[in-house]
$ cat final-v9.txt   # compact mmCIF, C-alpha atoms and all ligand atoms
# COMPACT_ATOMS: atom_id res chain seq x y z
CA MET H 698 11.41 -19.14 5.49
CA ASP H 699 13.02 -22.41 4.42
CA LYS H 700 12.93 -24.25 1.11
CA GLY H 701 9.92 -26.38 2.14
CA SER H 702 7.83 -23.57 3.73
CA SER H 703 4.39 -23.15 2.23
CA ILE H 704 4.30 -19.74 0.56
CA TYR H 705 1.15 -18.21 -0.94
CA ILE H 706 1.64 -15.61 -3.66
CA ALA H 707 -1.55 -13.56 -4.11
CA GLY H 708 -1.46 -12.15 -7.65
CA HIS H 709 0.97 -14.71 -9.10
CA ARG H 710 -0.02 -13.87 -12.66
CA GLY H 711 0.75 -10.17 -12.32
CA LEU H 712 4.02 -8.40 -13.06
CA VAL H 713 5.37 -8.62 -9.48
CA GLY H 714 3.70 -11.84 -8.36
CA SER H 715 5.01 -13.78 -11.35
CA ALA H 716 8.52 -12.43 -10.77
CA ILE H 717 8.36 -13.47 -7.08
CA ALA H 718 7.26 -16.97 -8.13
CA ARG H 719 10.19 -17.18 -10.61
CA ARG H 720 12.63 -15.97 -7.97
CA LEU H 721 11.41 -18.39 -5.27
CA ARG H 722 11.56 -21.32 -7.70
CA ALA H 723 15.05 -20.32 -8.81
CA LEU H 724 16.13 -20.29 -5.15
CA GLY H 725 14.79 -23.84 -4.69
CA PHE H 726 11.52 -23.17 -2.83
CA THR H 727 9.24 -26.10 -3.58
CA ASN H 728 5.97 -25.39 -1.80
CA ILE H 729 4.56 -22.35 -3.63
CA LEU H 730 0.82 -21.93 -3.43
CA THR H 731 -1.13 -20.02 -6.09
CA ARG H 732 -4.74 -19.60 -7.18
CA THR H 733 -6.04 -18.10 -10.40
CA HIS H 734 -8.70 -15.42 -10.25
CA LYS H 735 -11.25 -18.03 -11.34
CA GLU H 736 -10.26 -20.40 -8.53
CA LEU H 737 -10.27 -17.73 -5.83
CA ASP H 738 -11.87 -14.30 -6.09
CA LEU H 739 -9.95 -12.12 -3.63
CA LEU H 740 -12.85 -9.65 -3.54
CA GLU H 741 -14.94 -12.29 -1.73
CA GLN H 742 -14.20 -12.31 1.97
CA ALA H 743 -15.78 -15.70 2.74
CA ALA H 744 -13.89 -17.41 -0.08
CA VAL H 745 -10.58 -15.89 1.02
CA ARG H 746 -11.12 -16.98 4.64
CA ARG H 747 -12.01 -20.49 3.54
CA PHE H 748 -8.90 -20.71 1.37
CA PHE H 749 -6.61 -19.68 4.25
CA GLU H 750 -8.33 -21.99 6.74
CA ILE H 751 -7.92 -24.99 4.46
CA GLU H 752 -4.49 -24.31 2.99
CA LYS H 753 -2.87 -22.68 6.03
CA PRO H 754 0.10 -21.10 4.21
CA GLU H 755 3.04 -20.09 6.41
CA TYR H 756 4.14 -17.05 4.40
CA VAL H 757 2.23 -14.66 2.13
CA PHE H 758 3.35 -12.24 -0.57
CA LEU H 759 0.41 -9.91 -1.20
CA ALA H 760 1.05 -8.83 -4.79
CA ALA H 761 -2.59 -8.87 -5.93
CA ALA H 762 -4.01 -5.45 -6.75
CA LYS H 763 -5.93 -3.54 -9.35
CA VAL H 764 -3.18 -1.53 -11.04
CA GLY H 765 -2.80 0.73 -14.04
CA GLY H 766 -1.09 3.79 -15.46
CA ILE H 767 -2.02 7.43 -15.19
CA HIS H 768 -4.95 7.22 -17.64
CA ALA H 769 -6.55 4.10 -16.12
CA ASN H 770 -6.28 5.50 -12.58
CA ASP H 771 -7.88 8.73 -13.65
CA SER H 772 -10.72 6.99 -15.52
CA TYR H 773 -11.78 4.30 -13.00
CA PRO H 774 -11.44 5.85 -9.51
CA ALA H 775 -14.24 3.77 -7.96
CA GLU H 776 -12.78 0.46 -9.11
CA PHE H 777 -9.27 1.40 -8.01
CA ILE H 778 -10.29 2.31 -4.46
CA ARG H 779 -12.89 -0.45 -3.98
CA ASP H 780 -11.01 -3.43 -5.40
CA ASN H 781 -7.74 -2.62 -3.69
CA LEU H 782 -9.36 -2.02 -0.29
CA LEU H 783 -11.26 -5.29 -0.57
CA ILE H 784 -8.37 -7.45 -1.79
CA GLN H 785 -5.89 -6.31 0.84
CA THR H 786 -8.39 -6.28 3.73
CA ASN H 787 -9.56 -9.80 2.92
CA VAL H 788 -6.06 -11.22 2.51
CA ILE H 789 -4.38 -9.51 5.48
CA ASP H 790 -7.20 -10.37 7.87
CA ALA H 791 -7.58 -13.98 6.70
CA ALA H 792 -3.80 -14.46 6.85
CA TRP H 793 -3.68 -13.29 10.46
CA ARG H 794 -6.73 -15.39 11.45
CA SER H 795 -5.28 -18.57 9.97
CA GLY H 796 -1.92 -18.15 11.74
CA VAL H 797 0.33 -17.04 8.86
CA LYS H 798 3.88 -16.51 10.19
CA LYS H 799 4.71 -13.49 8.05
CA LEU H 800 3.08 -11.40 5.34
CA CYS H 801 4.72 -9.04 2.86
CA PHE H 802 2.39 -6.31 1.55
CA LEU H 803 3.37 -4.57 -1.67
CA GLY H 804 2.41 -0.92 -2.01
CA SER H 805 3.60 1.71 -4.42
CA SER H 806 5.59 4.92 -4.45
CA CYS H 807 2.42 6.85 -5.35
CA ILE H 808 1.39 6.71 -1.69
CA TYR H 809 3.67 9.69 -1.07
CA PRO H 810 2.56 13.35 -1.32
CA LYS H 811 2.70 14.82 -4.83
CA LEU H 812 5.22 17.43 -3.75
CA ALA H 813 7.23 15.33 -1.30
CA PRO H 814 10.89 16.36 -0.94
CA GLN H 815 13.15 14.31 -3.23
CA PRO H 816 14.43 11.68 -2.86
CA ILE H 817 11.32 10.56 -0.97
CA ASN H 818 12.02 9.18 2.47
CA GLU H 819 9.63 6.77 4.20
CA LYS H 820 8.90 9.43 6.80
CA HIS H 821 7.17 11.62 4.17
CA LEU H 822 4.11 9.37 4.18
CA LEU H 823 0.98 11.41 5.02
CA THR H 824 2.70 14.78 5.10
CA GLY H 825 0.84 16.43 2.18
CA PRO H 826 -1.80 16.13 -0.58
CA LEU H 827 -1.53 13.21 -3.03
CA GLU H 828 -1.21 13.36 -6.82
CA PRO H 829 -4.89 13.69 -7.90
CA THR H 830 -4.65 11.27 -10.87
CA ASN H 831 -3.95 8.29 -8.63
CA GLU H 832 -5.15 9.29 -5.18
CA TRP H 833 -7.82 6.54 -5.15
CA TYR H 834 -5.24 3.82 -5.57
CA ALA H 835 -2.87 5.59 -3.18
CA ILE H 836 -5.48 5.92 -0.42
CA ALA H 837 -6.23 2.19 -0.68
CA LYS H 838 -2.52 1.33 -0.46
CA ILE H 839 -2.04 3.66 2.52
CA ALA H 840 -4.93 1.87 4.24
CA GLY H 841 -3.11 -1.43 3.55
CA ILE H 842 0.08 -0.14 5.18
CA LYS H 843 -1.86 1.09 8.20
CA MET H 844 -3.66 -2.22 8.47
CA CYS H 845 -0.34 -4.11 8.53
CA GLN H 846 0.93 -1.73 11.22
CA ALA H 847 -2.27 -2.00 13.27
CA TYR H 848 -2.26 -5.83 13.13
CA ARG H 849 1.38 -5.83 14.19
CA ARG H 850 0.64 -3.52 17.15
CA GLN H 851 -2.56 -5.14 18.38
CA TYR H 852 -2.12 -8.78 17.34
CA ASP H 853 1.66 -9.05 17.04
CA PHE H 854 1.19 -10.07 13.40
CA SER H 855 4.45 -10.05 11.50
CA ALA H 856 3.43 -7.96 8.46
CA ILE H 857 5.91 -5.85 6.50
CA SER H 858 5.14 -3.29 3.77
CA LEU H 859 7.37 -2.55 0.79
CA MET H 860 6.97 0.46 -1.49
CA PRO H 861 8.36 -0.21 -4.97
CA THR H 862 9.14 2.57 -7.37
CA ASN H 863 7.86 2.29 -11.00
CA LEU H 864 8.38 -1.34 -12.03
CA TYR H 865 8.83 -2.84 -15.49
CA GLY H 866 9.85 -6.12 -17.06
CA PRO H 867 8.54 -9.41 -18.47
CA GLY H 868 4.82 -9.85 -17.84
CA ASP H 869 4.11 -6.12 -18.02
CA ASN H 870 0.85 -4.70 -19.39
CA PHE H 871 1.36 -3.35 -22.91
CA ASP H 872 -2.18 -2.04 -23.46
CA LEU H 873 -1.79 1.59 -24.52
CA GLN H 874 -4.82 2.87 -22.60
CA SER H 875 -4.03 1.27 -19.23
CA SER H 876 -0.27 0.66 -19.17
CA HIS H 877 2.53 2.55 -17.45
CA VAL H 878 4.92 4.64 -19.48
CA LEU H 879 7.77 2.18 -20.08
CA PRO H 880 5.77 -0.66 -21.66
CA ALA H 881 3.63 1.91 -23.50
CA LEU H 882 6.72 3.45 -25.10
CA LEU H 883 8.18 0.04 -26.00
CA ARG H 884 5.00 -0.77 -27.85
CA LYS H 885 4.63 2.66 -29.47
CA PHE H 886 8.24 2.64 -30.76
CA HIS H 887 7.97 -0.97 -31.92
CA GLU H 888 4.75 -0.33 -33.84
CA ALA H 889 6.11 2.89 -35.35
CA LYS H 890 9.21 1.02 -36.52
CA GLU H 891 7.14 -1.79 -38.04
CA ALA H 892 4.80 0.68 -39.77
CA GLY H 893 7.63 3.00 -40.89
CA SER H 894 5.93 5.97 -39.14
CA ALA H 895 7.79 9.27 -39.09
CA GLU H 896 7.08 10.06 -35.43
CA VAL H 897 6.13 8.64 -32.05
CA VAL H 898 3.88 10.62 -29.69
CA VAL H 899 4.94 10.66 -26.03
CA TRP H 900 2.35 11.97 -23.55
CA GLY H 901 2.98 15.10 -21.50
CA THR H 902 5.98 17.41 -21.70
CA GLY H 903 8.72 14.77 -21.33
CA LYS H 904 10.01 16.68 -18.29
CA PRO H 905 8.68 14.60 -15.37
CA ARG H 906 11.32 12.42 -13.73
CA ARG H 907 10.72 8.77 -12.87
CA GLU H 908 12.77 5.95 -11.38
CA PHE H 909 12.44 2.49 -12.97
CA LEU H 910 13.18 -0.80 -11.22
CA HIS H 911 13.31 -4.11 -13.06
CA VAL H 912 10.73 -6.49 -11.63
CA ASP H 913 13.35 -9.25 -11.14
CA ASP H 914 15.16 -6.86 -8.81
CA MET H 915 11.86 -6.18 -7.03
CA ALA H 916 11.23 -9.90 -6.57
CA ASP H 917 14.76 -10.42 -5.27
CA ALA H 918 14.33 -7.54 -2.79
CA SER H 919 10.94 -8.88 -1.63
CA VAL H 920 12.38 -12.33 -0.84
CA HIS H 921 15.41 -10.74 0.83
CA LEU H 922 13.26 -8.47 3.03
CA MET H 923 10.88 -11.30 3.90
CA ARG H 924 13.94 -13.07 5.30
CA VAL H 925 15.77 -10.25 7.07
CA TYR H 926 13.30 -7.44 7.85
CA ASP H 927 10.58 -7.51 10.51
CA GLU H 928 9.58 -4.00 11.55
CA GLU H 929 6.54 -1.73 11.44
CA GLN H 930 8.25 0.89 9.27
CA ILE H 931 7.60 0.69 5.52
CA VAL H 932 10.63 0.18 3.21
CA ASN H 933 11.16 1.90 -0.14
CA VAL H 934 12.43 -0.36 -2.91
CA GLY H 935 14.09 1.48 -5.78
CA VAL H 936 17.38 2.02 -7.59
CA GLY H 937 18.17 5.46 -6.18
CA GLN H 938 18.40 7.15 -9.62
CA ASP H 939 15.83 8.63 -11.99
CA VAL H 940 15.54 9.80 -15.62
CA THR H 941 13.23 12.25 -17.42
CA ILE H 942 10.46 10.80 -19.60
CA ALA H 943 12.31 12.31 -22.59
CA GLU H 944 15.48 10.40 -21.60
CA LEU H 945 13.46 7.24 -21.10
CA ALA H 946 12.06 7.67 -24.62
CA GLU H 947 15.65 7.75 -25.95
CA TYR H 948 16.55 4.53 -24.11
CA VAL H 949 13.48 2.84 -25.56
CA ARG H 950 14.15 4.20 -29.03
CA ASP H 951 17.70 2.74 -28.87
CA ALA H 952 16.48 -0.65 -27.63
CA VAL H 953 13.87 -0.88 -30.38
CA GLY H 954 16.09 0.58 -33.10
CA TYR H 955 13.59 3.24 -34.22
CA THR H 956 15.00 6.11 -36.27
CA GLY H 957 12.02 8.52 -36.55
CA ARG H 958 11.15 11.60 -34.47
CA VAL H 959 9.84 11.82 -30.91
CA VAL H 960 7.10 14.43 -30.32
CA PHE H 961 5.49 15.36 -27.02
CA ASP H 962 1.77 15.85 -26.42
CA PRO H 963 1.38 18.36 -23.57
CA SER H 964 -2.42 17.95 -23.66
CA MET H 965 -1.91 14.64 -21.81
CA PRO H 966 -1.20 14.83 -18.05
CA ASP H 967 2.37 14.87 -16.71
CA GLY H 968 1.33 13.60 -13.31
CA THR H 969 3.66 14.18 -10.41
CA PRO H 970 6.82 16.13 -11.43
CA ARG H 971 9.33 13.78 -9.81
CA LYS H 972 9.21 10.47 -8.00
CA LEU H 973 12.58 9.26 -6.74
CA LEU H 974 12.75 7.08 -3.65
CA ASP H 975 15.26 7.43 -0.85
CA VAL H 976 16.65 3.90 -0.60
CA THR H 977 18.88 4.39 2.46
CA ARG H 978 16.80 2.02 4.61
CA LEU H 979 16.82 -0.65 1.87
CA HIS H 980 20.57 -0.38 1.40
CA ALA H 981 21.05 -0.71 5.17
CA THR H 982 19.52 -4.20 4.94
CA GLY H 983 22.35 -5.18 2.56
CA TRP H 984 20.46 -5.15 -0.74
CA ARG H 985 20.96 -3.10 -3.94
CA ALA H 986 19.32 -3.16 -7.38
CA LYS H 987 21.41 -4.94 -10.00
CA VAL H 988 19.75 -4.62 -13.44
CA PRO H 989 20.93 -1.49 -15.38
CA LEU H 990 18.09 0.41 -17.12
CA ASP H 991 19.36 -0.02 -20.70
CA GLU H 992 19.88 -3.75 -20.24
CA GLY H 993 16.51 -4.15 -18.53
CA ILE H 994 14.71 -2.33 -21.35
CA ARG H 995 16.45 -4.47 -24.00
CA GLN H 996 15.50 -7.66 -22.16
CA THR H 997 11.89 -6.49 -21.73
CA TYR H 998 11.73 -5.66 -25.45
CA GLU H 999 12.87 -9.21 -26.27
CA TRP H 1000 10.13 -10.57 -24.01
CA TYR H 1001 7.60 -8.30 -25.72
CA LEU H 1002 8.69 -9.52 -29.16
CA GLU H 1003 8.35 -13.15 -28.12
CA ASN H 1004 5.15 -12.90 -26.10
CA VAL H 1005 3.07 -9.89 -27.07
CA ALA H 1006 3.93 -8.41 -30.47
CA PRO H 1007 1.78 -9.84 -33.26
CA PRO H 1008 3.90 -12.17 -35.40
CA ARG H 1009 5.12 -10.61 -38.64
CA LEU H 1010 3.95 -12.06 -41.91
CA MET H 1011 6.82 -13.95 -43.46
CA ALA H 1012 7.28 -14.06 -47.22
CA LEU H 1013 7.72 -17.68 -48.24
P1 LIG H 1101 2.79 7.66 -13.08
O1 LIG H 1101 4.22 7.34 -12.79
O2 LIG H 1101 1.85 7.25 -12.01
O3 LIG H 1101 2.62 9.12 -13.46
O4 LIG H 1101 2.30 6.78 -14.31
P2 LIG H 1101 2.73 6.51 -15.83
O5 LIG H 1101 3.82 5.52 -15.88
O6 LIG H 1101 1.46 6.15 -16.53
O7 LIG H 1101 3.24 7.90 -16.43
C1 LIG H 1101 4.48 8.43 -16.15
C2 LIG H 1101 4.77 9.62 -17.05
O8 LIG H 1101 4.98 9.19 -18.39
C3 LIG H 1101 3.65 10.66 -17.10
O9 LIG H 1101 4.28 11.95 -17.12
C4 LIG H 1101 3.02 10.39 -18.47
O10 LIG H 1101 2.37 11.52 -19.03
C5 LIG H 1101 4.25 10.00 -19.29
N1 LIG H 1101 3.96 9.26 -20.53
C6 LIG H 1101 4.44 9.57 -21.74
N2 LIG H 1101 3.95 8.74 -22.69
C7 LIG H 1101 3.15 7.87 -22.05
C8 LIG H 1101 2.36 6.76 -22.51
O11 LIG H 1101 2.30 6.43 -23.68
N3 LIG H 1101 1.69 6.07 -21.53
C9 LIG H 1101 1.74 6.41 -20.21
N4 LIG H 1101 1.06 5.67 -19.32
N5 LIG H 1101 2.46 7.47 -19.77
C10 LIG H 1101 3.16 8.19 -20.67
$ encode --input "final-v9.txt" --output "structure tokens"
Amino acid sequence: MDKGSSIYIAGHRGLVGSAIARRLRALGFTNILTRTHKELDLLEQAAVRRFFEIEKPEYVFLAAAKVGGIHANDSYPAEFIRDNLLIQTNVIDAAWRSGVKKLCFLGSSCIYPKLAPQPINEKHLLTGPLEPTNEWYAIAKIAGIKMCQAYRRQYDFSAISLMPTNLYGPGDNFDLQSSHVLPALLRKFHEAKEAGSAEVVVWGTGKPRREFLHVDDMADASVHLMRVYDEEQIVNVGVGQDVTIAELAEYVRDAVGYTGRVVFDPSMPDGTPRKLLDVTRLHATGWRAKVPLDEGIRQTYEWYLENVAPPRLMAL
């Protein structure tokens, strides 16, 4: 991939896609190709094929997906499995047909069995039952991995698959019904502070453990692996450390400056008890995460204040 290569980012308005676009631009790549949902509906096979035939990108980052937190996954299983299968099948196949040199498919750590040994190694894929709240999404992503591997075996298509841990950062979804835990807590603590509420409700028991990777790190790793990695095996992308949801809530409380109480609501699902990735393979490629969690949360809170939080009424 050189600075003038034509690079298509599918999903450039999403959390990961927008971070990849920022990273590529910062590195001096000048030929970045994007399409809004209105310009190109990735669910439509004929439209996707036409786009690839006309534009003939050389490299593809497949960051387009229907995504959401534990509640959204649980509520819309049909949409999660259908849209993700369609998007990835259309893009991977059209990319291969049009002669794309290399494609990077982005999956998720939820592809692993619910009770996989921790930290989760890439070899644990398909060794046990999935977490039921997001198995629809996970099955679609596993199909995407297998499709990349099958196209590599049969057609010699250079497709790699990366499995990020829980991501967060600028551009995240802060809608309380569909978001992941970190943006949800930032918003809940912010609104509680603004309203002077005595407590913030955190779903579940607070005991599950999660690993959080800043999306700028994810984008940096994706560009790095696109350059140096070309094998069938999937690669985990994480930081190698996790925290409990209760600890995360404390980090967020500090970043926001909220002084009230934190209460847990065990009637909401905990999901999988722990999800920490084994990042040995990633580290062997010479890459490590750089953004510390506290700093990343503070920076994401600033982005939220500037871009999402409703402006405060100012007394004149
Ligand atoms: P998961 O990693 O796929 O389970 O997805 P989430 O990021 O949605 O949830 C992670 C954990 O955070 C689960 O144990 C949730 O119950 C917990 N959690 C606590 N408060 C919230 C919240 O306000 N929103 C979400 N999405 N999760 C929360």
$ residues_near_point --input "final-v9.txt" --point "(9.7, -9.4, -4.1)" --cutoff "9 Å" --atoms "only C-alpha atoms" --output "PyMOL selection string"
chain H and resi 713-714+716-718+720+758+760+801+803+859+912-923
$ closest_atom_pairs --input "final-v9.txt" --of "chain H" --to "ligand LIG 1101 (chain H)" --cutoff "8 Å" --atoms "only C-alpha atoms and all ligand atoms" --output "Markdown table"
| residue | atom | partner | partner_atom | distance |
| --- | --- | --- | --- | --- |
| H:Gly765 | CA | H:LIG1101 | O6 | 7.3 |
| H:Gly766 | CA | H:LIG1101 | O6 | 3.6 |
| H:Ile767 | CA | H:LIG1101 | O6 | 3.9 |
| H:His768 | CA | H:LIG1101 | N4 | 6.4 |
| H:Cys807 | CA | H:LIG1101 | O2 | 6.7 |
| H:Thr830 | CA | H:LIG1101 | O2 | 7.7 |
| H:Asn831 | CA | H:LIG1101 | O2 | 6.8 |
| H:Asn863 | CA | H:LIG1101 | O1 | 6.5 |
| H:Leu873 | CA | H:LIG1101 | O11 | 6.4 |
| H:Gln874 | CA | H:LIG1101 | N4 | 7.3 |
| H:Ser875 | CA | H:LIG1101 | N4 | 6.7 |
| H:Ser876 | CA | H:LIG1101 | N4 | 5.2 |
| H:His877 | CA | H:LIG1101 | O5 | 3.6 |
| H:Val878 | CA | H:LIG1101 | C9 | 3.7 |
| H:Leu879 | CA | H:LIG1101 | O5 | 6.7 |
| H:Pro880 | CA | H:LIG1101 | N3 | 7.9 |
| H:Ala881 | CA | H:LIG1101 | O11 | 4.7 |
| H:Leu882 | CA | H:LIG1101 | O11 | 5.5 |
| H:Lys885 | CA | H:LIG1101 | O11 | 7.3 |
| H:Val898 | CA | H:LIG1101 | N2 | 7.2 |
| H:Val899 | CA | H:LIG1101 | N2 | 4.0 |
| H:Trp900 | CA | H:LIG1101 | C6 | 3.7 |
| H:Gly901 | CA | H:LIG1101 | O10 | 4.4 |
| H:Thr902 | CA | H:LIG1101 | O9 | 7.3 |
| H:Gly903 | CA | H:LIG1101 | O9 | 6.7 |
| H:Lys904 | CA | H:LIG1101 | O9 | 7.5 |
| H:Pro905 | CA | H:LIG1101 | O9 | 5.4 |
| H:Arg906 | CA | H:LIG1101 | O9 | 7.8 |
| H:Arg907 | CA | H:LIG1101 | O1 | 6.7 |
| H:Ile942 | CA | H:LIG1101 | O8 | 5.8 |
| H:Phe961 | CA | H:LIG1101 | C6 | 7.9 |
| H:Met965 | CA | H:LIG1101 | O10 | 6.0 |
| H:Pro966 | CA | H:LIG1101 | O10 | 5.0 |
| H:Asp967 | CA | H:LIG1101 | O9 | 3.5 |
| H:Gly968 | CA | H:LIG1101 | O3 | 4.7 |
| H:Thr969 | CA | H:LIG1101 | O3 | 6.0 |
| H:Pro970 | CA | H:LIG1101 | O9 | 7.5 |
| H:Lys972 | CA | H:LIG1101 | O1 | 7.6 |
$ closest_residue --input "final-v9.txt" --among "H:Gln996, H:His821, H:Lys700, H:Gly804" --to "Ala723 (chain H)" --atoms "all atoms listed in the file"
H:Lys700
$ residues_around --input "final-v9.txt" --residues "region 811-818 of chain H" --least-positions-apart "6" --cutoff "9 Å" --atoms "all atoms listed in the file" --output "list of chain:residue names"
H:Thr824, H:Gly825, H:Pro826, H:Leu827, H:Glu828, H:Pro829, H:Asn933, H:Gly937, H:Gly968, H:Thr969, H:Pro970, H:Arg971, H:Lys972, H:Leu973, H:Leu974, H:Asp975, H:Val976, H:Thr977, H:Arg978
$ atom_distance --input "final-v9.txt" --atom1 "CA of Ala889 (chain H)" --atom2 "CA of Lys763 (chain H)"
29.4 Å
$ atom_distance --input "final-v9.txt" --atom1 "CA of Asp853 (chain H)" --atom2 "CA of Tyr834 (chain H)"
26.9 Å
$ residues_near_point --input "final-v9.txt" --point "(1.5, -2.8, 9.0)" --cutoff "9 Å" --atoms "all atoms listed in the file" --output "PyMOL selection string"
chain H and resi 802+841-850+854-858+928-931
$ atom_distance --input "final-v9.txt" --atom1 "CA of Trp984 (chain H)" --atom2 "CA of Leu910 (chain H)"
13.5 Å
$ residues_around --input "final-v9.txt" --residues "region 726-737 of chain H" --least-positions-apart "2" --cutoff "7 Å" --atoms "all atoms listed in the file" --output "list of chain:residue names"
H:Lys700, H:Gly701, H:Ser702, H:Ser703, H:Ile704, H:Tyr705, H:Ile706, H:Ala707, H:His709, H:Leu721, H:Arg722, H:Leu724, H:Leu739, H:Ala744
$ residues_around --input "final-v9.txt" --residues "Leu782 (chain H)" --least-positions-apart "3" --cutoff "10 Å" --atoms "only C-alpha atoms" --output "count of residues only"
18
$ closest_residue --input "final-v9.txt" --among "H:Ala792, H:Leu990, H:Ala761, H:Leu800" --to "Val745 (chain H)" --atoms "all atoms listed in the file"
H:Ala792
$ closest_residue --input "final-v9.txt" --among "H:Glu819, H:Gly796, H:Tyr955, H:Arg710" --to "Lys753 (chain H)" --atoms "all atoms listed in the file"
H:Gly796
$ closest_residue --input "final-v9.txt" --among "H:Ala892, H:Trp1000, H:His980, H:Lys799" --to "Val932 (chain H)" --atoms "only C-alpha atoms"
H:His980
$ closest_residue --input "final-v9.txt" --among "H:Phe886, H:Leu1002, H:Val988, H:Gly725" --to "Leu945 (chain H)" --atoms "all atoms listed in the file"
H:Phe886
$ closest_residue --input "final-v9.txt" --among "H:Gly957, H:Gly893, H:Pro989, H:Gly868" --to "Val1005 (chain H)" --atoms "all atoms listed in the file"
H:Gly868
